[in-house]
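What's in protein-v7.csv: CSV, C-alpha atoms
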chain,number,residue,atom,x,y,z
A,1,MET,CA,181.5,31.3,28.0
A,2,SER,CA,178.5,30.7,25.7
A,3,ASP,CA,176.6,29.0,28.5
A,4,GLU,CA,177.2,32.0,30.8
A,5,MET,CA,176.0,34.4,28.1
A,6,HIS,CA,172.8,32.4,27.7
A,7,THR,CA,172.1,32.1,31.5
A,8,ARG,CA,172.8,35.8,32.3
A,9,PRO,CA,169.6,37.8,32.3
A,10,SER,CA,169.2,40.7,29.8
A,11,PRO,CA,168.6,44.3,31.0
A,12,ARG,CA,165.0,44.0,29.9
A,13,GLU,CA,164.5,40.9,31.9
A,14,LEU,CA,166.0,42.6,34.9
A,15,MET,CA,163.6,45.5,34.6
A,16,THR,CA,160.5,43.4,34.1
A,17,ASP,CA,160.9,40.8,36.9
A,18,ARG,CA,159.4,41.4,40.3
A,19,LEU,CA,162.4,43.1,41.8
A,20,GLY,CA,162.7,45.4,38.7
A,21,VAL,CA,159.1,46.4,38.8
A,22,LEU,CA,159.4,47.1,42.6
A,23,SER,CA,162.5,49.2,41.9
A,24,ILE,CA,160.7,51.2,39.2
A,25,ARG,CA,157.7,51.8,41.5
A,26,SER,CA,160.0,52.8,44.4
A,27,ALA,CA,161.8,55.3,42.1
A,28,GLN,CA,158.4,56.7,40.9
A,29,ILE,CA,157.3,57.1,44.5
A,30,ILE,CA,160.5,58.9,45.4
A,31,VAL,CA,160.1,61.3,42.5
A,32,VAL,CA,156.5,62.0,43.5
A,33,LEU,CA,157.5,62.7,47.1
A,34,LEU,CA,160.3,65.0,46.0
A,35,LEU,CA,157.9,66.9,43.8
A,36,ALA,CA,155.4,67.2,46.7
A,37,ILE,CA,158.1,68.4,49.0
A,38,ALA,CA,159.3,71.0,46.4
A,39,ALA,CA,155.7,72.1,46.0
A,40,VAL,CA,155.1,72.5,49.7
A,41,PHE,CA,158.4,74.4,50.1
A,42,ALA,CA,157.4,76.7,47.3
A,43,LEU,CA,154.0,77.4,48.8
A,44,ILE,CA,155.7,78.2,52.2
A,45,GLN,CA,158.0,80.6,50.5
A,46,LEU,CA,154.9,82.3,48.9
A,47,LYS,CA,152.8,82.2,52.0
A,48,LEU,CA,152.1,85.9,51.8
A,49,VAL,CA,150.2,85.1,48.7
A,50,VAL,CA,149.0,81.6,49.4
A,51,ILE,CA,147.4,82.3,52.8
A,52,PRO,CA,145.3,85.3,51.6
A,53,LEU,CA,144.3,83.3,48.5
A,54,LEU,CA,143.1,80.3,50.6
A,55,ILE,CA,141.2,82.7,53.0
A,56,ALA,CA,139.6,84.4,50.0
A,57,VAL,CA,138.5,81.1,48.5
A,58,ILE,CA,136.9,79.9,51.7
A,59,LEU,CA,135.1,83.2,52.3
A,60,ALA,CA,133.9,83.3,48.7
A,61,ALA,CA,132.5,79.8,49.1
A,62,ALA,CA,130.8,80.8,52.3
A,63,LEU,CA,129.2,83.9,50.7
A,64,SER,CA,128.3,82.2,47.4
A,65,PRO,CA,124.6,81.7,48.4
A,66,VAL,CA,124.2,85.4,49.0
A,67,ILE,CA,125.6,86.2,45.5
A,68,THR,CA,123.4,83.5,44.0
A,69,PHE,CA,120.3,84.9,45.7
A,70,LEU,CA,121.0,88.5,44.5
A,71,ARG,CA,121.8,87.4,41.0
A,72,ARG,CA,118.6,85.5,40.7
A,73,ARG,CA,116.7,88.6,41.8
A,74,GLY,CA,118.1,90.4,38.8
A,75,VAL,CA,121.0,92.3,40.5
A,76,SER,CA,124.0,92.8,38.3
A,77,ALA,CA,127.2,90.9,39.2
A,78,ILE,CA,129.2,94.0,40.2
A,79,LEU,CA,126.4,95.4,42.4
A,80,ALA,CA,125.8,92.0,44.0
A,81,THR,CA,129.5,91.7,44.7
A,82,TRP,CA,129.7,95.2,46.3
A,83,ILE,CA,126.5,94.6,48.4
A,84,THR,CA,127.8,91.2,49.7
A,85,LEU,CA,131.3,92.5,50.4
A,86,ILE,CA,130.3,95.6,52.2
A,87,ALA,CA,127.6,93.8,54.2
A,88,GLY,CA,130.1,91.1,55.2
A,89,LEU,CA,132.7,93.8,56.2
A,90,VAL,CA,130.1,95.6,58.3
A,91,VAL,CA,128.9,92.5,60.0
A,92,PHE,CA,132.4,91.0,60.6
A,93,GLY,CA,133.8,94.4,61.6
A,94,GLY,CA,131.0,95.1,64.0
A,95,LEU,CA,131.4,91.7,65.7
A,96,ILE,CA,135.1,92.2,66.1
A,97,THR,CA,134.6,95.7,67.5
A,98,LEU,CA,132.0,94.5,70.0
A,99,ILE,CA,134.2,91.7,71.1
A,100,VAL,CA,137.2,94.0,71.5
A,101,PHE,CA,135.3,96.5,73.6
A,102,ALA,CA,133.6,93.8,75.7
A,103,VAL,CA,136.8,91.9,76.4
A,104,ARG,CA,139.6,94.4,76.6
A,105,ASP,CA,138.8,95.6,80.1
A,106,GLN,CA,138.6,92.0,81.4
A,107,TRP,CA,141.5,90.4,79.5
A,108,GLY,CA,144.1,91.1,82.2
A,109,GLU,CA,141.9,89.7,84.9
A,110,LEU,CA,141.3,86.6,82.7
A,111,VAL,CA,145.0,86.0,82.3
A,112,SER,CA,145.6,86.5,86.0
A,113,SER,CA,142.8,84.1,86.9
A,114,ALA,CA,144.1,81.4,84.5
A,115,SER,CA,147.6,81.8,86.0
A,116,ASP,CA,146.2,81.5,89.6
A,117,GLY,CA,144.3,78.4,88.5
A,118,ILE,CA,147.4,76.8,87.2
A,119,ASP,CA,149.1,77.5,90.6
A,120,GLN,CA,146.2,75.9,92.5
A,121,LEU,CA,146.3,72.9,90.2
A,122,GLN,CA,150.0,72.5,90.7
A,123,GLU,CA,149.5,72.6,94.5
A,124,PHE,CA,146.8,69.9,94.2
A,125,VAL,CA,149.1,67.7,92.2
A,126,GLU,CA,151.9,68.2,94.7
A,127,ASN,CA,149.7,67.4,97.8
A,128,GLY,CA,147.5,64.9,96.0
A,129,PRO,CA,147.4,61.1,96.4
A,130,ILE,CA,150.0,60.6,93.7
A,131,PRO,CA,153.4,61.8,94.8
A,132,VAL,CA,155.1,64.1,92.2
A,133,ASP,CA,158.5,65.6,92.6
A,134,GLN,CA,158.5,69.4,92.8
A,135,LYS,CA,161.6,69.6,90.6
A,136,GLN,CA,159.8,67.9,87.8
A,137,LEU,CA,156.9,70.3,88.0
A,138,ASP,CA,159.2,73.3,88.1
A,139,SER,CA,161.2,71.9,85.1
A,140,LEU,CA,158.0,71.2,83.1
A,141,ARG,CA,156.6,74.7,83.8
A,142,ASP,CA,159.9,76.4,83.0
A,143,THR,CA,160.0,74.5,79.7
A,144,VAL,CA,156.5,75.6,78.8
A,145,VAL,CA,157.1,79.2,79.8
A,146,ASP,CA,160.4,79.4,77.9
A,147,PHE,CA,158.7,77.9,74.8
A,148,LEU,CA,155.8,80.3,74.9
A,149,THR,CA,158.0,83.3,75.4
A,150,SER,CA,160.5,82.2,72.8
A,151,SER,CA,160.8,83.7,69.3
A,152,GLN,CA,160.2,80.3,67.7
A,153,PHE,CA,156.7,80.1,69.2
A,154,GLY,CA,155.9,83.7,68.2
A,155,SER,CA,157.0,83.2,64.6
A,156,GLY,CA,155.3,79.8,64.3
A,157,ALA,CA,152.0,81.0,65.8
A,158,LEU,CA,151.8,84.0,63.5
A,159,ALA,CA,152.8,81.9,60.5
A,160,GLY,CA,154.4,84.5,58.3
A,161,VAL,CA,152.3,87.5,59.4
A,162,SER,CA,154.5,88.5,62.4
A,163,VAL,CA,155.3,91.8,60.8
A,164,ALA,CA,152.6,94.4,60.8
A,165,GLY,CA,153.2,95.3,57.2
A,166,GLU,CA,152.8,91.7,56.0
A,167,LEU,CA,149.6,91.4,58.0
A,168,ILE,CA,148.1,94.6,56.4
A,169,THR,CA,149.3,93.4,53.0
A,170,GLY,CA,147.8,90.0,53.5
A,171,VAL,CA,144.4,91.5,54.6
A,172,LEU,CA,144.2,93.9,51.6
A,173,LEU,CA,145.3,91.1,49.2
A,174,ALA,CA,142.6,88.8,50.6
A,175,LEU,CA,139.9,91.5,50.2
A,176,VAL,CA,140.9,92.1,46.6
A,177,ILE,CA,141.0,88.4,45.7
A,178,LEU,CA,137.7,87.9,47.5
A,179,PHE,CA,136.1,90.7,45.4
A,180,PHE,CA,137.1,89.1,42.2
A,181,PHE,CA,136.1,85.6,43.3
A,182,LEU,CA,132.7,86.9,44.3
A,183,LYS,CA,132.3,88.8,41.0
A,184,ASP,CA,133.8,86.4,38.5
A,185,GLY,CA,134.3,83.1,40.4
A,186,ASP,CA,132.4,81.1,37.7
A,187,ARG,CA,134.3,82.7,34.9
A,188,ILE,CA,137.7,82.1,36.6
A,189,TRP,CA,136.9,78.4,37.0
A,190,ALA,CA,135.7,78.2,33.4
A,191,PHE,CA,138.9,79.8,32.3
A,192,PHE,CA,140.9,77.0,34.0
A,193,LEU,CA,138.7,74.4,32.3
A,194,ARG,CA,139.1,75.7,28.8
A,195,PRO,CA,141.8,73.1,27.8
A,196,PHE,CA,139.4,70.2,28.8
A,197,SER,CA,136.5,68.7,27.0
A,198,GLY,CA,134.1,65.8,27.2
A,199,HIS,CA,134.4,63.7,30.4
A,200,ALA,CA,137.3,65.7,31.7
A,201,LEU,CA,135.3,68.9,31.4
A,202,GLU,CA,132.3,67.3,33.2
A,203,ARG,CA,134.7,66.2,36.0
A,204,GLY,CA,136.1,69.8,36.3
A,205,HIS,CA,132.6,71.2,36.7
A,206,ARG,CA,131.8,68.5,39.2
A,207,ILE,CA,134.9,69.2,41.2
A,208,GLY,CA,134.3,72.9,41.3
A,209,HIS,CA,130.7,72.5,42.5
A,210,VAL,CA,131.7,70.0,45.2
A,211,ALA,CA,134.6,72.2,46.4
A,212,VAL,CA,132.4,75.3,46.7
A,213,LYS,CA,129.7,73.4,48.4
A,214,THR,CA,132.0,71.7,50.9
A,215,LEU,CA,134.0,74.9,51.8
A,216,GLY,CA,130.8,77.0,52.1
A,217,GLY,CA,129.0,74.4,54.2
A,218,TYR,CA,132.1,74.0,56.4
A,219,VAL,CA,132.5,77.7,57.2
A,220,ARG,CA,128.8,78.4,57.7
A,221,GLY,CA,128.4,75.2,59.8
A,222,THR,CA,131.4,75.9,61.9
A,223,ALA,CA,130.3,79.4,62.6
A,224,THR,CA,126.8,78.2,63.6
A,225,ILE,CA,128.3,75.5,65.9
A,226,ALA,CA,130.7,77.9,67.4
A,227,ALA,CA,127.9,80.4,68.2
A,228,VAL,CA,125.8,77.7,69.8
A,229,ASP,CA,128.8,76.4,71.9
A,230,ALA,CA,129.7,79.9,73.0
A,231,VAL,CA,126.1,80.8,74.1
A,232,ALA,CA,125.6,77.5,75.9
A,233,ILE,CA,128.9,77.5,77.8
A,234,GLY,CA,128.7,81.3,78.4
A,235,VAL,CA,125.2,81.0,79.9
A,236,GLY,CA,126.2,78.0,81.9
A,237,VAL,CA,129.2,79.7,83.4
A,238,ALA,CA,127.2,82.9,84.1
A,239,ILE,CA,124.5,80.9,85.9
A,240,ILE,CA,127.1,79.2,88.2
A,241,GLY,CA,128.4,82.7,89.0
A,242,VAL,CA,131.8,82.4,87.5
A,243,PRO,CA,133.1,85.9,86.5
A,244,LEU,CA,134.5,86.7,83.1
A,245,ALA,CA,131.7,84.8,81.4
A,246,LEU,CA,131.7,87.0,78.3
A,247,PRO,CA,135.5,86.7,77.6
A,248,LEU,CA,135.2,83.0,78.1
A,249,ALA,CA,132.3,82.8,75.6
A,250,VAL,CA,134.3,84.7,73.1
A,251,ILE,CA,137.3,82.4,73.5
A,252,VAL,CA,135.0,79.4,73.0
A,253,PHE,CA,133.6,80.9,69.8
A,254,LEU,CA,137.0,81.6,68.4
A,255,SER,CA,138.6,78.3,69.4
A,256,ALA,CA,135.7,76.3,67.8
A,257,PHE,CA,137.2,77.0,64.4
A,258,ILE,CA,140.1,74.7,65.4
A,259,PRO,CA,138.4,71.2,65.7
A,260,LEU,CA,139.3,68.9,68.6
A,261,ILE,CA,142.0,71.0,70.2
A,262,GLY,CA,140.1,74.3,70.4
A,263,ALA,CA,137.2,73.1,72.4
A,264,THR,CA,139.5,71.3,74.9
A,265,VAL,CA,141.7,74.4,75.4
A,266,ALA,CA,138.6,76.6,75.9
A,267,GLY,CA,137.1,74.1,78.4
A,268,ILE,CA,140.4,74.0,80.4
A,269,LEU,CA,140.6,77.8,80.6
A,270,ALA,CA,137.0,78.1,81.8
A,271,ALA,CA,137.6,75.4,84.4
A,272,LEU,CA,140.7,77.2,85.7
A,273,VAL,CA,138.9,80.5,86.0
A,274,ALA,CA,136.0,78.8,87.9
A,275,LEU,CA,138.6,77.0,90.1
A,276,VAL,CA,140.1,80.4,91.2
A,277,ALA,CA,136.8,82.3,91.5
A,278,ASN,CA,134.4,79.7,92.9
A,279,GLY,CA,136.3,76.7,94.1
A,280,PRO,CA,136.7,73.1,92.9
A,281,VAL,CA,133.0,72.3,92.9
A,282,ALA,CA,132.3,75.1,90.4
A,283,ALA,CA,135.3,74.0,88.3
A,284,LEU,CA,133.9,70.5,88.2
A,285,ILE,CA,130.5,71.8,87.1
A,286,VAL,CA,132.1,73.8,84.4
A,287,VAL,CA,134.0,70.7,83.2
A,288,ILE,CA,130.7,68.8,83.1
A,289,ILE,CA,129.0,71.6,81.1
A,290,VAL,CA,131.8,71.6,78.6
A,291,ILE,CA,131.7,67.9,78.2
A,292,VAL,CA,127.9,67.9,77.7
A,293,VAL,CA,128.1,70.7,75.1
A,294,ASN,CA,130.9,68.9,73.2
A,295,GLN,CA,128.9,65.7,73.2
A,296,LEU,CA,125.8,67.5,71.9
A,297,GLU,CA,127.9,69.1,69.3
A,298,GLY,CA,129.5,65.9,68.1
A,299,ASN,CA,126.3,63.8,68.2
A,300,PHE,CA,123.7,66.3,67.2
A,301,LEU,CA,124.9,69.6,65.9
A,302,GLN,CA,127.6,68.4,63.5
A,303,PRO,CA,125.5,65.7,61.8
A,304,VAL,CA,122.6,68.2,61.3
A,305,VAL,CA,124.4,71.4,60.6
A,306,MET,CA,127.5,70.2,58.8
A,307,ALA,CA,125.7,67.4,56.8
A,308,GLN,CA,128.1,66.3,54.0
A,309,SER,CA,130.5,69.3,54.5
A,310,LEU,CA,132.9,67.5,56.8
A,311,LYS,CA,132.9,63.7,57.1
A,312,LEU,CA,136.5,63.0,58.2
A,313,HIS,CA,137.7,60.6,60.8
A,314,PRO,CA,139.0,62.3,64.0
A,315,LEU,CA,142.5,60.8,63.3
A,316,VAL,CA,142.5,62.5,59.8
A,317,ILE,CA,141.5,65.8,61.4
A,318,LEU,CA,144.2,65.4,64.0
A,319,LEU,CA,146.9,64.7,61.4
A,320,ALA,CA,145.6,67.6,59.2
A,321,LEU,CA,145.8,69.9,62.3
A,322,THR,CA,149.3,68.8,63.1
A,323,ALA,CA,150.5,69.3,59.5
A,324,GLY,CA,148.8,72.6,59.2
A,325,THR,CA,150.2,73.9,62.5
A,326,ILE,CA,153.7,72.9,61.5
A,327,LEU,CA,153.5,74.5,58.1
A,328,GLY,CA,151.4,77.6,58.9
A,329,GLY,CA,151.0,78.0,62.6
A,330,ILE,CA,147.6,79.0,63.9
A,331,ILE,CA,146.4,80.1,60.5
A,332,GLY,CA,147.5,76.7,59.1
A,333,ALA,CA,145.6,74.9,61.9
A,334,VAL,CA,142.4,76.8,60.9
A,335,LEU,CA,142.8,76.2,57.2
A,336,SER,CA,144.0,72.6,57.2
A,337,VAL,CA,140.7,70.9,58.1
A,338,PRO,CA,138.6,72.5,55.4
A,339,ILE,CA,141.3,71.9,52.9
A,340,ALA,CA,141.4,68.2,53.9
A,341,ALA,CA,137.6,68.1,53.7
A,342,VAL,CA,137.6,69.5,50.2
A,343,ALA,CA,140.4,67.1,49.1
A,344,TRP,CA,138.4,64.1,50.4
A,345,ALA,CA,135.2,65.4,48.7
A,346,ILE,CA,137.0,65.7,45.4
A,347,ILE,CA,138.4,62.2,45.7
A,348,LYS,CA,134.9,60.8,46.4
A,349,THR,CA,133.4,62.6,43.3
A,350,TRP,CA,136.4,62.1,41.0
A,351,ASN,CA,134.8,59.4,38.9
A,352,GLY,CA,131.1,60.4,39.3
A,353,PRO,CA,128.5,61.9,41.6
A,354,ALA,CA,128.9,60.4,45.0
A,355,GLU,CA,126.6,62.7,47.0
A,356,PRO,CA,123.6,61.0,48.6
A,357,GLY,CA,120.7,62.8,47.1
A,358,THR,CA,121.8,62.9,43.5
A,359,PRO,CA,118.5,63.1,41.6
A,360,ARG,CA,119.1,61.0,38.6
A,361,GLU,CA,120.9,58.0,40.0
A,362,PRO,CA,117.8,56.1,41.2
A,363,LYS,CA,116.1,56.7,37.8
A,364,THR,CA,118.7,55.0,35.6
A,365,PRO,CA,116.6,51.9,34.8
A,366,ARG,CA,113.8,54.1,33.5
A,367,LYS,CA,115.9,56.1,31.1
A,368,PRO,CA,115.3,53.9,28.0
A,369,LYS,CA,111.6,54.5,28.3
A,370,THR,CA,111.9,58.3,28.6
A,371,THR,CA,114.6,58.7,25.8
A,372,ARG,CA,112.7,56.7,23.2
A,373,LYS,CA,109.6,58.9,23.1
A,374,PRO,CA,111.5,62.1,22.0
A,375,GLU,CA,113.2,60.1,19.3
A,376,ILE,CA,109.9,58.9,17.9
A,377,GLU,CA,108.5,62.4,18.0
A,378,GLN,CA,111.5,63.9,16.2
A,379,THR,CA,111.4,61.2,13.5
A,380,ALA,CA,107.7,61.7,13.0
A,381,VAL,CA,108.2,65.4,12.6

As structure tokens:
Amino acid sequence: MSDEMHTRPSPRELMTDRLGVLSIRSAQIIVVLLLAIAAVFALIQLKLVVIPLLIAVILAAALSPVITFLRRRGVSAILATWITLIAGLVVFGGLITLIVFAVRDQWGELVSSASDGIDQLQEFVENGPIPVDQKQLDSLRDTVVDFLTSSQFGSGALAGVSVAGELITGVLLALVILFFFLKDGDRIWAFFLRPFSGHALERGHRIGHVAVKTLGGYVRGTATIAAVDAVAIGVGVAIIGVPLALPLAVIVFLSAFIPLIGATVAGILAALVALVANGPVAALIVVIIVIVVNQLEGNFLQPVVMAQSLKLHPLVILLALTAGTILGGIIGAVLSVPIAAVAWAIIKTWNGPAEPGTPREPKTPRKPKTTRKPEIEQTAV
């Protein structure tokens, strides 16, 4: 019995060996995952508050240069906020009004043309070189139509704002939050940083600066790229003679705010309309135009316009879009990529400035020479 007592490991030894350490780490990971799931579930339940808050944060970051410009010219905080907010509402409301009046008379024709294009594409697939069973095509089309007309798709696409009252409430709440972020954004962030000091306080200021810069650059860059894509594709489609060029350009502009997927969907729609109106040759030309514009966007516009605002691998963007769509529908798809970009920027700058153009990093070897001179002068005085 005494030999067995000596050979049996103690509870402390069981917890400190390899299997014990692995078990502890596994339990910690499970606890973290449960907390993350609980946090995501809580945010989904409060989506009427969370979504307007995120939209207000992104818009405030995009409008921050205007506030900074006005404040440097001596304009008071409240006046600069009202000027920026009213000007933004006028510009945004004017664009929406112009788009609605320009597209509303042609929207029915656009939907009809897209439907006819799908029918022609189906006939080509049936009579093409690859034999496809008609029952399979009908089954696939019925499945897609049933899904698009189901209540699940409607509720998921609207992501919590399916009720008109919730939509109005969300818009008003976003405007109120945006007003306070524009007016007291720096004070609000300083309030959250009050418990910190020293290195943690510096990290908090650094994170706030990087988040605002990344979000603002993403929104402004995406809007610029979307405008360029819409003009290029709209002009190209109009030159070919495809009708409904203006609605197609509007759809290209709006879909550009959903990376990867948006441009593909807009290009398919433009090709279907061209197929119905002008035949397969025009549809092929439209596809070529869309591909060229997308290549110019990816290889030229995004590196120049976006700069450091969004440097994510396409796989990360695709995963963020999928997660955002599952959690928040279309709104989640639009917000997921800038949130992922901000998270990655914060991770990169967590332990220090990681931005390429940081002014004082190359001068670190010369600091002893510059710091000794003021000390000598102070002692001499």

With distances taken over all atoms listed in the file, which residue among A:Gln302, A:Thr224, A:Ser336, A:Thr322 lies nearest Ile51 (chain A)?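 For Ile51 (chain A), the nearest of the candidates is A:Ser336.
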
Given the choices A:Thr214, A:Asn299, A:Gln45, A:Thr169, which gets closest to Val337 (chain A) if the distance is worked out from all atoms listed in the file? A:Thr214

Find the residues near region 228-238 of chain A: any atom within 6 Å, counting all atoms listed in the file, skip ones fewer than 5 places away on the same chain, and give them as a compact mmCIF listing (two decimals) with C-alpha atoms, in the frame of the given file.
# COMPACT_ATOMS: atom_id res chain seq x y z
CA ALA A 245 131.70 84.80 81.40
CA ALA A 249 132.30 82.80 75.60
CA VAL A 252 135.00 79.40 73.00
CA PHE A 253 133.60 80.90 69.80

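Note that CA of Phe181 (chain A) and CA of Ala61 (chain A) are 9.0 Å apart.
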
Can you build me a table of region 297-355 of chain A residues sitting at most 10 Å from region 257-261 of chain A, with the closest atom pair per residue and its distance in Å to one decimal, using only C-alpha atoms, sorted by chain and residue number, as CSV?
residue,atom,partner,partner_atom,distance
A:Pro314,CA,A:Leu260,CA,8.1
A:Ile317,CA,A:Pro259,CA,7.6
A:Leu318,CA,A:Leu260,CA,7.6
A:Leu321,CA,A:Ile258,CA,8.1
A:Ile330,CA,A:Ile258,CA,8.8
A:Ile331,CA,A:Ile258,CA,9.6
A:Gly332,CA,A:Ile258,CA,9.9
A:Ala333,CA,A:Ile258,CA,6.5
A:Val334,CA,A:Ile258,CA,5.5
A:Leu335,CA,A:Ile258,CA,8.8
A:Ser336,CA,A:Ile258,CA,9.3
A:Val337,CA,A:Pro259,CA,7.9

Next, write the just-selected residues to a file, as a short mmCIF file (atom, residue, chain, number, x, y, z; two decimals), keeping the file's coordinate frame, keeping C-alpha atoms as the atom set.
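So the final result, stored in result_29.cif, reads:
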data_model
loop_
_atom_site.label_atom_id
_atom_site.label_comp_id
_atom_site.auth_asym_id
_atom_site.auth_seq_id
_atom_site.Cartn_x
_atom_site.Cartn_y
_atom_site.Cartn_z
CA PRO A 314 139.00 62.30 64.00
CA ILE A 317 141.50 65.80 61.40
CA LEU A 318 144.20 65.40 64.00
CA LEU A 321 145.80 69.90 62.30
CA ILE A 330 147.60 79.00 63.90
CA ILE A 331 146.40 80.10 60.50
CA GLY A 332 147.50 76.70 59.10
CA ALA A 333 145.60 74.90 61.90
CA VAL A 334 142.40 76.80 60.90
CA LEU A 335 142.80 76.20 57.20
CA SER A 336 144.00 72.60 57.20
CA VAL A 337 140.70 70.90 58.10
#

Selection near Val171 (chain A), 12 Å with all atoms listed in the file, sequence-local residues under 5 positions removed, as a list in words: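 The residues satisfying every condition are Leu48, Val49, Ile51, Pro52, Leu53, Leu54, Ile55, Ala56, Val161, Ala164, Gly165, Glu166, Val176, Ile177 and Leu178 of chain A.
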
Would you compute the box with edges along x, y and z of the file around region 31-42 of chain A, including every atom the file lists for it and 8 Å extra on each side, and give its centre and edge lengths in Å to one decimal, as JSON?
{"center_x": 157.7, "center_y": 69.0, "center_z": 46.3, "size_x": 21.2, "size_y": 31.4, "size_z": 23.6}

Do you have the CA of Ile289 (chain A)-CA of Ala271 (chain A) distance handy?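 We find that CA of Ile289 (chain A) and CA of Ala271 (chain A) lie 10.0 Å from each other.
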
Calculate how many Å separate CA of His313 (chain A) from CA of Leu254 (chain A), rounding to one decimal.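 We find that CA of His313 (chain A) and CA of Leu254 (chain A) lie 22.3 Å from each other.
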
Please identify all polymer residues within 10 Å of Val342 (chain A), counting all atoms listed in the file, omitting same-chain residues fewer than 5 positions from it, and present them as a PyMOL selection string. chain A and resi 207+210-215+218+309-310+336-337+347-348

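Comparing A:Thr84, A:Lys47, A:Leu201, A:Phe192 by their smallest distance to Leu167 (chain A), the closest is A:Lys47 (using only C-alpha atoms).
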
Calculated over only C-alpha atoms, which of the candidates A:Leu43, A:Leu272, A:Leu79, A:Leu70 has the smallest distance to Pro243 (chain A)? A:Leu272

Using only C-alpha atoms, which of the listed residues (A:Arg220, A:Arg194, A:Arg18, A:Lys183) sits closest to Trp82 (chain A)?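 Of all the options, A:Lys183 lies closest to Trp82 (chain A).
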